[in-house]
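Asker: Pasting query18.cif below, which is mmCIF, C-alpha atoms and all ligand atoms.
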data_work
loop_
_atom_site.label_atom_id
_atom_site.label_comp_id
_atom_site.auth_asym_id
_atom_site.auth_seq_id
_atom_site.Cartn_x
_atom_site.Cartn_y
_atom_site.Cartn_z
CA MET F 219 0.00 0.00 0.00
CA ILE F 220 1.20 3.51 -0.80
CA ASP F 221 -0.21 5.66 1.96
CA LEU F 222 -0.76 9.27 0.93
CA ARG F 223 -3.54 9.99 3.44
CA SER F 224 -1.33 12.03 5.73
CA ASP F 225 2.21 12.57 6.97
CA THR F 226 0.94 11.28 10.33
CA VAL F 227 1.31 7.72 9.02
CA THR F 228 5.14 7.58 8.97
CA ARG F 229 6.84 4.80 10.93
CA PRO F 230 9.90 5.48 13.10
CA SER F 231 13.28 5.04 11.39
CA GLU F 232 15.85 2.48 12.57
CA ARG F 233 17.80 5.29 14.29
CA MET F 234 14.65 6.38 16.11
CA ARG F 235 13.84 2.84 17.23
CA LYS F 236 17.39 2.37 18.51
CA ALA F 237 17.34 5.69 20.38
CA MET F 238 13.94 4.77 21.87
CA ALA F 239 15.23 1.40 23.06
CA GLU F 240 18.27 2.99 24.70
CA ALA F 241 16.60 6.14 26.06
CA GLU F 242 17.47 7.22 29.56
CA VAL F 243 14.17 7.79 31.37
CA GLY F 244 12.65 9.00 34.63
CA ASP F 245 9.29 10.23 35.84
CA ASP F 246 8.48 13.27 33.73
CA VAL F 247 5.68 14.43 36.05
CA TYR F 248 8.49 15.00 38.59
CA ARG F 249 10.50 16.49 35.68
CA GLU F 250 13.03 13.71 36.15
CA ASP F 251 13.10 12.33 32.62
CA PRO F 252 16.44 13.50 31.19
CA THR F 253 15.46 12.71 27.60
CA VAL F 254 12.22 14.69 27.81
CA ASN F 255 14.12 17.54 29.45
CA ARG F 256 16.64 17.52 26.60
CA LEU F 257 13.88 17.50 23.99
CA GLU F 258 12.11 20.42 25.67
CA GLU F 259 15.36 22.41 25.83
CA ARG F 260 16.12 21.68 22.18
CA ALA F 261 12.61 22.64 21.04
CA ALA F 262 12.76 25.90 22.99
CA GLU F 263 16.14 26.67 21.42
CA ILE F 264 14.91 25.96 17.88
CA CYS F 265 11.88 28.20 18.45
CA GLY F 266 13.93 30.92 20.17
CA LYS F 267 11.56 30.74 23.15
CA GLU F 268 12.31 30.50 26.88
CA ALA F 269 10.71 27.10 27.38
CA ALA F 270 8.87 24.23 25.72
CA LEU F 271 6.63 21.38 26.78
CA PHE F 272 6.35 17.88 25.33
CA VAL F 273 2.69 16.99 24.72
CA PRO F 274 1.22 13.78 23.31
CA THR F 275 -0.57 15.42 20.36
CA GLY F 276 -0.90 18.58 18.37
CA THR F 277 -4.51 18.83 19.47
CA MET F 278 -3.44 18.88 23.11
CA GLY F 279 -0.79 21.53 22.35
CA ASN F 280 -3.35 23.78 20.66
CA THR F 281 -5.91 23.14 23.40
CA ILE F 282 -3.46 24.17 26.12
CA ALA F 283 -2.32 27.25 24.19
CA ILE F 284 -5.87 28.48 23.70
CA LYS F 285 -6.59 27.94 27.39
CA LEU F 286 -3.46 29.92 28.33
CA HIS F 287 -4.47 32.99 26.35
CA THR F 288 -8.22 33.16 26.93
CA ARG F 289 -10.95 33.09 29.53
CA HIS F 290 -14.37 31.49 29.19
CA GLY F 291 -16.76 33.51 27.05
CA GLU F 292 -14.15 35.09 24.80
CA GLU F 293 -13.49 34.76 21.09
CA VAL F 294 -10.60 33.20 19.19
CA LEU F 295 -10.11 34.47 15.67
CA CYS F 296 -8.81 32.10 13.00
CA ASP F 297 -9.19 31.23 9.35
CA SER F 298 -12.46 29.44 8.55
CA ARG F 299 -10.76 26.13 7.64
CA SER F 300 -8.42 25.98 10.62
CA HIS F 301 -7.61 22.70 12.31
CA ILE F 302 -8.65 24.15 15.69
CA LEU F 303 -12.10 24.85 14.27
CA ASP F 304 -12.81 21.87 12.03
CA TRP F 305 -10.76 18.94 13.31
CA GLU F 306 -10.41 19.16 17.09
CA LEU F 307 -13.94 18.23 18.18
CA SER F 308 -14.69 21.80 19.33
CA MET F 309 -12.07 21.39 22.05
CA LEU F 310 -11.73 25.15 22.11
CA ALA F 311 -15.36 25.42 23.28
CA TRP F 312 -15.22 22.34 25.48
CA PHE F 313 -12.06 23.14 27.43
CA SER F 314 -11.65 26.90 27.09
CA GLY F 315 -15.32 27.94 26.77
CA CYS F 316 -14.61 30.16 23.77
CA LEU F 317 -16.24 30.80 20.43
CA VAL F 318 -14.44 30.93 17.12
CA ARG F 319 -14.64 34.05 14.97
CA ALA F 320 -13.90 32.44 11.61
CA VAL F 321 -12.57 34.58 8.77
CA GLN F 322 -12.73 33.30 5.20
CA THR F 323 -9.50 33.41 3.23
CA GLN F 324 -8.38 32.31 -0.21
CA ASP F 325 -5.78 29.77 0.90
CA GLY F 326 -5.83 29.71 4.70
CA ILE F 327 -3.49 32.69 5.07
CA LEU F 328 -4.96 35.53 7.15
CA THR F 329 -3.79 39.11 6.73
CA TRP F 330 -4.11 41.96 9.20
CA SER F 331 -6.55 43.74 6.89
CA GLN F 332 -8.87 40.71 7.13
CA ILE F 333 -8.39 40.34 10.88
CA GLU F 334 -8.93 43.93 11.99
CA PRO F 335 -12.59 44.33 10.93
CA ALA F 336 -13.45 40.95 12.49
CA LEU F 337 -12.05 41.77 15.94
CA ARG F 338 -14.71 42.13 18.63
CA ARG F 339 -14.27 44.56 21.47
CA PHE F 340 -15.85 43.97 24.85
CA GLY F 341 -19.19 45.74 25.23
CA PRO F 342 -22.71 45.22 26.47
CA HIS F 343 -23.43 42.89 23.55
CA ASN F 344 -20.00 41.64 22.51
CA ALA F 345 -17.55 39.11 23.86
CA PRO F 346 -14.02 40.28 23.15
CA THR F 347 -11.53 38.63 20.81
CA THR F 348 -8.47 37.80 22.88
CA LEU F 349 -6.49 35.43 20.68
CA ILE F 350 -5.54 35.19 17.02
CA SER F 351 -4.51 31.73 15.85
CA LEU F 352 -2.45 31.29 12.68
CA GLU F 353 -1.97 27.88 11.05
CA ASN F 354 1.42 27.59 9.33
CA THR F 355 1.56 25.70 7.02
CA HIS F 356 -2.18 25.76 6.47
CA ASN F 357 -3.38 22.20 6.12
CA MET F 358 -6.73 22.58 4.33
CA GLY F 359 -5.44 25.63 2.46
CA GLY F 360 -3.12 23.14 0.70
CA GLY F 361 0.06 23.36 2.79
CA THR F 362 0.34 27.10 2.28
CA VAL F 363 3.06 29.15 3.99
CA TYR F 364 2.62 32.48 5.78
CA PRO F 365 4.83 35.22 4.31
CA GLN F 366 7.01 36.58 7.12
CA THR F 367 5.89 40.18 6.58
CA VAL F 368 2.27 39.08 7.08
CA ILE F 369 3.10 37.34 10.39
CA ASP F 370 5.12 40.32 11.59
CA GLU F 371 2.33 42.78 10.83
CA ILE F 372 -0.31 40.60 12.50
CA CYS F 373 1.84 40.25 15.63
CA SER F 374 2.67 43.91 15.99
CA GLU F 375 -0.93 45.09 15.42
CA THR F 376 -2.34 42.36 17.67
CA HIS F 377 0.09 43.05 20.49
CA ALA F 378 -0.52 46.79 20.22
CA ARG F 379 -4.13 45.97 21.14
CA GLY F 380 -3.10 43.78 24.09
CA LEU F 381 -4.14 40.54 22.37
CA LYS F 382 -2.13 37.33 21.89
CA VAL F 383 -1.07 35.29 18.86
CA HIS F 384 -0.76 31.51 18.83
CA MET F 385 0.70 29.59 15.90
CA ASP F 386 -0.56 26.12 15.07
CA GLY F 387 2.74 25.19 13.49
CA ALA F 388 2.01 21.47 13.19
CA ARG F 389 4.12 21.65 9.99
CA ILE F 390 6.25 24.68 10.78
CA PHE F 391 9.42 22.96 9.56
CA ASN F 392 7.80 22.58 6.14
CA ALA F 393 7.09 26.31 6.23
CA SER F 394 10.68 27.02 7.23
CA ILE F 395 12.22 24.83 4.52
CA ALA F 396 9.89 26.23 1.83
CA SER F 397 10.47 29.87 2.77
CA GLY F 398 14.10 29.65 3.86
CA VAL F 399 13.17 31.47 7.09
CA PRO F 400 14.46 29.79 10.30
CA VAL F 401 11.75 28.60 12.70
CA ALA F 402 12.97 31.01 15.41
CA ARG F 403 12.51 33.95 13.06
CA ILE F 404 9.05 32.78 11.92
CA VAL F 405 7.81 32.71 15.53
CA ARG F 406 9.93 35.57 16.92
CA ASP F 407 6.88 37.67 17.83
CA ILE F 408 4.40 34.81 18.30
CA ASP F 409 3.32 34.20 21.94
CA THR F 410 3.06 30.41 21.75
CA VAL F 411 3.80 27.94 18.98
CA MET F 412 2.81 24.30 18.73
CA PHE F 413 4.65 22.04 16.31
CA CYS F 414 4.33 18.31 15.68
CA LEU F 415 7.13 15.78 15.80
CA SER F 416 4.76 13.11 14.56
CA LYS F 417 3.88 14.62 11.17
CA ALA F 418 6.40 15.64 8.53
CA LEU F 419 9.31 15.12 10.94
CA GLY F 420 8.49 11.41 11.11
CA ALA F 421 8.55 10.70 14.87
CA PRO F 422 5.94 8.19 16.04
CA VAL F 423 4.34 10.35 18.75
CA GLY F 424 4.41 13.84 20.16
CA SER F 425 4.21 17.58 19.70
CA MET F 426 5.86 20.56 21.37
CA LEU F 427 4.41 23.76 22.77
CA ALA F 428 6.89 26.62 23.13
CA GLY F 429 6.58 30.05 24.73
CA SER F 430 7.63 32.07 27.77
CA ILE F 431 8.65 30.37 31.04
CA ALA F 432 5.46 31.61 32.70
CA ALA F 433 3.25 30.29 29.88
CA ILE F 434 4.94 26.89 29.81
CA GLU F 435 4.80 26.51 33.63
CA GLN F 436 1.05 27.06 33.42
CA ALA F 437 0.82 24.82 30.35
CA ARG F 438 2.39 21.98 32.36
CA LEU F 439 -0.55 22.13 34.77
CA TYR F 440 -3.11 22.11 31.96
CA ARG F 441 -1.31 19.16 30.38
CA LYS F 442 -1.65 17.25 33.67
CA ARG F 443 -5.34 18.17 33.90
CA LEU F 444 -5.88 16.83 30.39
CA GLY F 445 -4.23 13.55 31.33
CA GLY F 446 -1.03 14.29 29.43
CA GLY F 447 1.48 13.68 32.26
CA MET F 448 3.24 10.78 30.55
CA ARG F 449 5.79 9.56 33.12
CA GLN F 450 8.69 7.70 31.37
CA ALA F 451 8.04 9.60 28.17
CA GLY F 452 11.76 9.69 27.35
CA ILE F 453 11.10 6.60 25.23
CA LEU F 454 9.04 8.85 22.93
CA ALA F 455 11.15 11.97 23.35
CA ALA F 456 14.21 10.05 22.13
CA ALA F 457 12.59 9.65 18.71
CA GLY F 458 11.62 13.33 18.79
CA LEU F 459 15.25 14.35 19.29
CA ILE F 460 16.30 12.32 16.25
CA ALA F 461 13.44 13.85 14.28
CA LEU F 462 14.63 17.37 15.12
CA GLN F 463 18.19 16.49 14.23
CA GLU F 464 17.66 14.63 10.98
CA SER F 465 14.29 15.33 9.47
CA PRO F 466 14.14 19.02 8.50
CA ALA F 467 16.86 18.55 5.87
CA ARG F 468 14.77 15.83 4.19
CA LEU F 469 11.60 17.86 3.83
CA ALA F 470 12.66 19.50 0.55
CA LEU F 471 12.34 16.04 -1.01
CA ASP F 472 8.73 15.74 0.16
CA HIS F 473 8.04 19.17 -1.33
CA GLU F 474 9.59 18.13 -4.66
CA ASN F 475 7.48 14.97 -4.69
CA ALA F 476 4.36 17.02 -3.97
CA ARG F 477 5.14 19.40 -6.87
CA PHE F 478 5.78 16.40 -9.12
CA LEU F 479 2.42 14.84 -8.18
CA ALA F 480 0.62 18.15 -8.74
CA SER F 481 2.13 18.79 -12.16
CA GLU F 482 1.27 15.27 -13.35
CA LEU F 483 -2.25 15.42 -11.88
CA ALA F 484 -2.86 18.67 -13.76
CA GLY F 485 -2.71 16.77 -17.05
CA MET F 486 -5.27 14.11 -16.10
CA PRO F 487 -8.84 14.18 -17.45
CA GLY F 488 -11.45 14.99 -14.81
CA ILE F 489 -8.96 16.42 -12.31
CA SER F 490 -8.61 20.08 -11.59
CA ILE F 491 -5.66 21.47 -9.71
CA ASP F 492 -3.38 24.51 -9.86
CA PRO F 493 0.12 23.04 -9.53
CA ALA F 494 1.56 26.50 -8.88
CA ALA F 495 -0.39 26.59 -5.60
CA VAL F 496 1.61 23.70 -4.12
CA GLN F 497 4.18 25.10 -1.71
CA THR F 498 5.01 22.22 0.65
CA ASN F 499 3.97 18.56 1.12
CA ILE F 500 0.18 18.86 0.69
CA VAL F 501 -1.65 18.59 -2.63
CA ILE F 502 -5.38 19.20 -2.88
CA PHE F 503 -7.23 18.44 -6.12
CA ASN F 504 -10.82 18.39 -7.30
CA VAL F 505 -12.20 15.15 -8.77
CA SER F 506 -15.82 16.21 -9.34
CA GLU F 507 -15.48 16.15 -13.14
CA THR F 508 -14.59 12.46 -13.07
CA GLY F 509 -18.20 11.87 -12.02
CA LEU F 510 -17.02 10.06 -8.88
CA SER F 511 -17.50 11.20 -5.32
CA THR F 512 -14.35 11.40 -3.24
CA ALA F 513 -15.43 8.27 -1.34
CA GLU F 514 -15.73 6.39 -4.65
CA PHE F 515 -12.43 7.81 -5.87
CA SER F 516 -10.73 6.65 -2.64
CA ALA F 517 -12.25 3.18 -2.98
CA GLU F 518 -11.04 2.86 -6.61
CA LEU F 519 -7.53 3.83 -5.55
CA LYS F 520 -7.54 1.48 -2.59
CA HIS F 521 -8.22 -1.44 -4.99
CA ARG F 522 -5.05 -0.35 -6.77
CA GLY F 523 -2.92 -0.19 -3.62
CA VAL F 524 -3.05 3.56 -3.00
CA LEU F 525 -4.58 5.23 0.05
CA VAL F 526 -5.86 8.80 -0.39
CA ASN F 527 -8.62 10.55 1.56
CA GLY F 528 -11.20 13.08 0.46
CA ILE F 529 -11.52 16.30 2.45
CA ASP F 530 -15.09 16.93 1.25
CA ASP F 531 -17.28 15.47 -1.50
CA ARG F 532 -15.25 17.04 -4.34
CA ARG F 533 -11.66 17.36 -3.21
CA MET F 534 -8.96 14.85 -2.34
CA ARG F 535 -5.84 15.52 -0.28
CA VAL F 536 -2.50 13.86 -0.94
CA VAL F 537 0.33 14.30 1.57
CA THR F 538 3.93 13.35 0.83
CA HIS F 539 6.22 12.14 3.62
CA PHE F 540 9.29 10.07 4.52
CA ASP F 541 7.73 6.73 3.70
CA VAL F 542 6.80 7.80 0.15
CA SER F 543 9.52 7.68 -2.51
CA ARG F 544 9.50 9.16 -6.04
CA GLU F 545 8.72 5.65 -7.38
CA ASP F 546 5.75 5.42 -5.00
CA CYS F 547 4.52 8.75 -6.39
CA GLU F 548 4.88 7.41 -9.93
CA ARG F 549 2.90 4.27 -9.03
CA ALA F 550 0.23 6.35 -7.31
CA LEU F 551 -0.05 8.54 -10.42
CA GLN F 552 -0.47 5.45 -12.59
CA ALA F 553 -3.32 4.29 -10.37
CA ILE F 554 -4.98 7.74 -10.45
CA ALA F 555 -4.56 7.93 -14.24
CA GLU F 556 -6.23 4.51 -14.57
CA VAL F 557 -9.23 5.61 -12.47
CA CYS F 558 -9.55 8.81 -14.53
CA ALA F 559 -9.28 6.91 -17.82
CA ASN F 560 -12.01 4.49 -16.72
CA CYS F 561 -14.27 7.43 -15.84
CA THR F 562 -13.64 9.06 -19.24
CA ALA F 563 -14.40 5.76 -21.01
CA ALA F 564 -17.59 5.26 -19.00
CA ALA F 565 -18.71 8.82 -19.80
CA ALA F 566 -18.02 8.27 -23.54
CA GLN F 567 -20.07 5.09 -23.48
CA ARG F 568 -23.00 6.88 -21.86
CA ALA F 569 -22.89 9.71 -24.43
N1 LIG F 601 -3.87 16.91 11.16
C1 LIG F 601 -4.31 15.62 10.69
C2 LIG F 601 -5.83 15.49 10.74
O1 LIG F 601 -6.28 15.77 12.01
C3 LIG F 601 -6.56 16.33 9.75
C4 LIG F 601 -3.79 15.42 9.28
O2 LIG F 601 -3.85 14.27 8.80
O3 LIG F 601 -3.34 16.39 8.65
N2 LIG F 601 -2.81 21.18 13.56
C5 LIG F 601 -2.74 20.85 12.26
C6 LIG F 601 -2.50 21.92 11.26
C7 LIG F 601 -2.89 19.51 11.85
O4 LIG F 601 -2.82 19.22 10.57
C8 LIG F 601 -3.11 18.52 12.84
C9 LIG F 601 -3.34 17.08 12.45
C10 LIG F 601 -3.16 18.92 14.18
C11 LIG F 601 -3.01 20.26 14.50
C12 LIG F 601 -3.42 17.94 15.30
O5 LIG F 601 -2.39 17.07 15.54
P1 LIG F 601 -2.66 15.67 16.29
O6 LIG F 601 -3.23 14.75 15.25
O7 LIG F 601 -1.31 15.28 16.77
O8 LIG F 601 -3.61 15.93 17.39
#
For this file, produce the structure as structure tokens.
Answerer:
Amino acid sequence: MIDLRSDTVTRPSERMRKAMAEAEVGDDVYREDPTVNRLEERAAEICGKEAALFVPTGTMGNTIAIKLHTRHGEEVLCDSRSHILDWELSMLAWFSGCLVRAVQTQDGILTWSQIEPALRRFGPHNAPTTLISLENTHNMGGGTVYPQTVIDEICSETHARGLKVHMDGARIFNASIASGVPVARIVRDIDTVMFCLSKALGAPVGSMLAGSIAAIEQARLYRKRLGGGMRQAGILAAAGLIALQESPARLALDHENARFLASELAGMPGISIDPAAVQTNIVIFNVSETGLSTAEFSAELKHRGVLVNGIDDRRMRVVTHFDVSREDCERALQAIAEVCANCTAAAAQRA
């Protein structure tokens, strides 16, 4: 099976497995796990922040960050297709008691001129906006990258109003490799950033939340409340350290493979895609003109050994990652071409 459903599906490398087996561990709730401590120090350093916290998932990292920056009954502003809004089971409402103020964008990238008119100020009828959340890269926007000038403007305007900015940087290393901007510079003015070890970086489990010492001390308590005090988590952190050391340099390959897939898909009957829109490891394309629903398209591909998910009833998402080679991409394209050709033949027969 060639699994293009997500970069969450990667399996740990031999080096990761070895490091996990040999990891020095202790009880992390007592902060006595040396491997977790090293990972947290390294993540803080990479992000240029005072401190970082190892959390089991990206969802938990985002949940804690939103809780840190808000109080019940406030609003969090984000793009209308954000992961925190669409894919985290309304955790933001459940745990933090907030509403989302969703702003529609072309490709997931918010600008200050879109944010400013949507901000709500406290008043007799309005709950205030207290947090802006930026997703970088933007998953459902197609792996799009925030331009640095846009982030900088959002941060300075937001902070001037006493509000906070969180970055859901699940794939921030993809953003960094694509833009050539170091992670620490991307998040220089961001209050908290979450990034995932378990996505494009290829570790089996874990995400990091980075920010000020005060924020991360508080975050540690929320993590415990959420059941995320993981004890001898050095076993997992060991793989995370390898991921931070080795994986960023490999991401350019995933981006090349994604561009290759997009340019080949663009020539297939029934598929619509703008290959120029592909910036990182995510490719979104529309299959509605094949006459198949995305569920049917997925099923046809599965028969042919390729796993791809739909993100709605018209569009599919392909994600490249460590466990997908150029040959795998070629085989996946063959399978997609076959499905498209069958649809064209069936349509010709009907006509
Ligand atoms: N994304 C997953 C699915 O949940 C959609 C995927 O396959 O892409 N932020 C962003 C931008 C994400 O893409 C994800 C996971 C998360 C947060 C949550 O991370 P986890 O799955 O570790 O909770």
Asker: Rounded to one decimal place, report the atom CA of F:Arg449-atom P1 of ligand LIG 601 (chain F) distance in Å.
Answerer: 19.8 Å
Asker: Name the residues in contact with F:Phe540 at a cut-off of 9 Å, using all atoms listed in the file, excluding same-chain residues fewer than 6 positions from it; report them as a list of chain:residue names.
Answerer: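 Final neighbour list, sorted by chain and number: F:Asp225, F:Thr228, F:Arg229, F:Ala418, F:Leu419, F:Gly420, F:Ser465, F:Arg468, F:Leu469, F:Leu471, F:Asp472.
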Asker: Set the cut-off to 9 Å, count only C-alpha atoms and all ligand atoms, and list whatever residues fall near ligand LIG 601 (chain F) as a PyMOL selection string.
Answerer: chain F and resi 223-227+274-280+300-302+304-306+353-358+361+386-389+412-417+423-425+529+537
Asker: Suppose you want the space between atom CA of F:Phe515 and atom CA of F:Cys547; what is it in Å?
Answerer: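 Computing it gives 17.0 Å between the two atoms.
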Asker: Contacts of F:Glu232 at 12 Å or less, counting only C-alpha atoms, minus same-chain residues fewer than 5 places along, as a ChimeraX atom specification?
Answerer: /F:237-239,420-422,457,460-461
Asker: Let me make sure I understand: among F:Arg339, F:Arg379, F:Lys285, F:Arg403, which one has the smallest atom-to-atom distance to F:Lys267 if we use only C-alpha atoms?
Answerer: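 Under the stated criterion, the closest residue is F:Arg403.
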Asker: Need to verify the contact set: stretch 246-263 of chain F, 9 Å, only C-alpha atoms, exclusion of same-chain residues closer than 4 positions in sequence. Can you return it as an mmCIF file with C-alpha atoms, keeping the file's coordinate frame?
Answerer:
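Saved the output as selection-v5.cif:
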data_model
loop_
_atom_site.group_PDB
_atom_site.id
_atom_site.type_symbol
_atom_site.label_atom_id
_atom_site.label_comp_id
_atom_site.auth_asym_id
_atom_site.auth_seq_id
_atom_site.Cartn_x
_atom_site.Cartn_y
_atom_site.Cartn_z
ATOM 1 C CA ALA F 241 16.600 6.140 26.060
ATOM 2 C CA GLU F 242 17.470 7.220 29.560
ATOM 3 C CA LYS F 267 11.560 30.740 23.150
ATOM 4 C CA GLU F 268 12.310 30.500 26.880
ATOM 5 C CA ALA F 269 10.710 27.100 27.380
ATOM 6 C CA ALA F 270 8.870 24.230 25.720
ATOM 7 C CA LEU F 271 6.630 21.380 26.780
ATOM 8 C CA PHE F 272 6.350 17.880 25.330
ATOM 9 C CA ALA F 402 12.970 31.010 15.410
ATOM 10 C CA MET F 426 5.860 20.560 21.370
ATOM 11 C CA LEU F 427 4.410 23.760 22.770
ATOM 12 C CA ALA F 428 6.890 26.620 23.130
ATOM 13 C CA GLY F 429 6.580 30.050 24.730
ATOM 14 C CA LYS F 442 -1.650 17.250 33.670
ATOM 15 C CA GLY F 447 1.480 13.680 32.260
ATOM 16 C CA MET F 448 3.240 10.780 30.550
ATOM 17 C CA ARG F 449 5.790 9.560 33.120
ATOM 18 C CA GLN F 450 8.690 7.700 31.370
ATOM 19 C CA ALA F 451 8.040 9.600 28.170
ATOM 20 C CA GLY F 452 11.760 9.690 27.350
ATOM 21 C CA ILE F 453 11.100 6.600 25.230
ATOM 22 C CA LEU F 454 9.040 8.850 22.930
ATOM 23 C CA ALA F 455 11.150 11.970 23.350
ATOM 24 C CA ALA F 456 14.210 10.050 22.130
ATOM 25 C CA GLY F 458 11.620 13.330 18.790
ATOM 26 C CA LEU F 459 15.250 14.350 19.290
ATOM 27 C CA LEU F 462 14.630 17.370 15.120
#
Asker: Find the distance between atom CA of F:Leu349 and atom CA of F:Thr376 and write it in Å to one decimal.
Answerer: 8.6 Å
Asker: Measuring atom to atom with only C-alpha atoms, identify which of F:Glu507, F:Asn475, F:Ala480, F:Asn392 is nearest to F:Glu545.
Answerer: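 Among the listed residues, F:Asn475 lies closest to F:Glu545.
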Asker: I'd like the contact shell of stretch 557-560 of chain F - 8 Å cut-off, all atoms listed in the file, skipping same-chain residues fewer than 6 positions apart - returned as a CSV table (one decimal) with C-alpha atoms, in the frame of the given file.
Answerer:
chain,number,residue,atom,x,y,z
F,486,MET,CA,-5.3,14.1,-16.1
F,487,PRO,CA,-8.8,14.2,-17.4
F,488,GLY,CA,-11.4,15.0,-14.8
F,489,ILE,CA,-9.0,16.4,-12.3
F,508,THR,CA,-14.6,12.5,-13.1
F,515,PHE,CA,-12.4,7.8,-5.9
F,518,GLU,CA,-11.0,2.9,-6.6
F,519,LEU,CA,-7.5,3.8,-5.6
Asker: Rank F:Ala517, F:Ile333, F:Val383, F:Leu510 by their smallest atom-to-atom distance to F:Asp407, using only C-alpha atoms, and report the top residue only.
Answerer: F:Val383
Asker: Would you pick out the contacts of F:Arg522 at 12 Å or less, using all atoms listed in the file, so that residues sharing its chain but fewer than 3 positions from it are not included, and give the list as a list in words?
Answerer: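 Within the cut-off, the hits are Met219, Ile220, Asp221, Phe515, Ser516, Ala517, Glu518, Leu519, Leu525, Val526, Arg549, Ala550, Leu551, Gln552, Ala553, Ile554, Ala555, Glu556 and Val557 of chain F.
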Asker: With all atoms listed in the file as the basis for distance, which of F:Gly360, F:Gly266, F:Pro365, F:Pro230 is at the shortest distance from F:Ala495?
Answerer: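 Among the listed residues, F:Gly360 lies closest to F:Ala495.
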Asker: Which centre and which edge lengths, in Å to one decimal, describe the axis-aligned box that holds all listed atoms of stretch 529-536 of chain F after 5 Å is added on each side, as JSON?
Answerer:
{"center_x": -9.9, "center_y": 15.6, "center_z": -0.9, "size_x": 24.8, "size_y": 13.5, "size_z": 16.8}
Asker: Calculated over all atoms listed in the file, which of the candidates F:Thr362, F:Asn344, F:Gln567, F:Gln324 has the smallest distance to F:Ile390?
Answerer: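 That would be F:Thr362, the residue with the smallest distance to F:Ile390.
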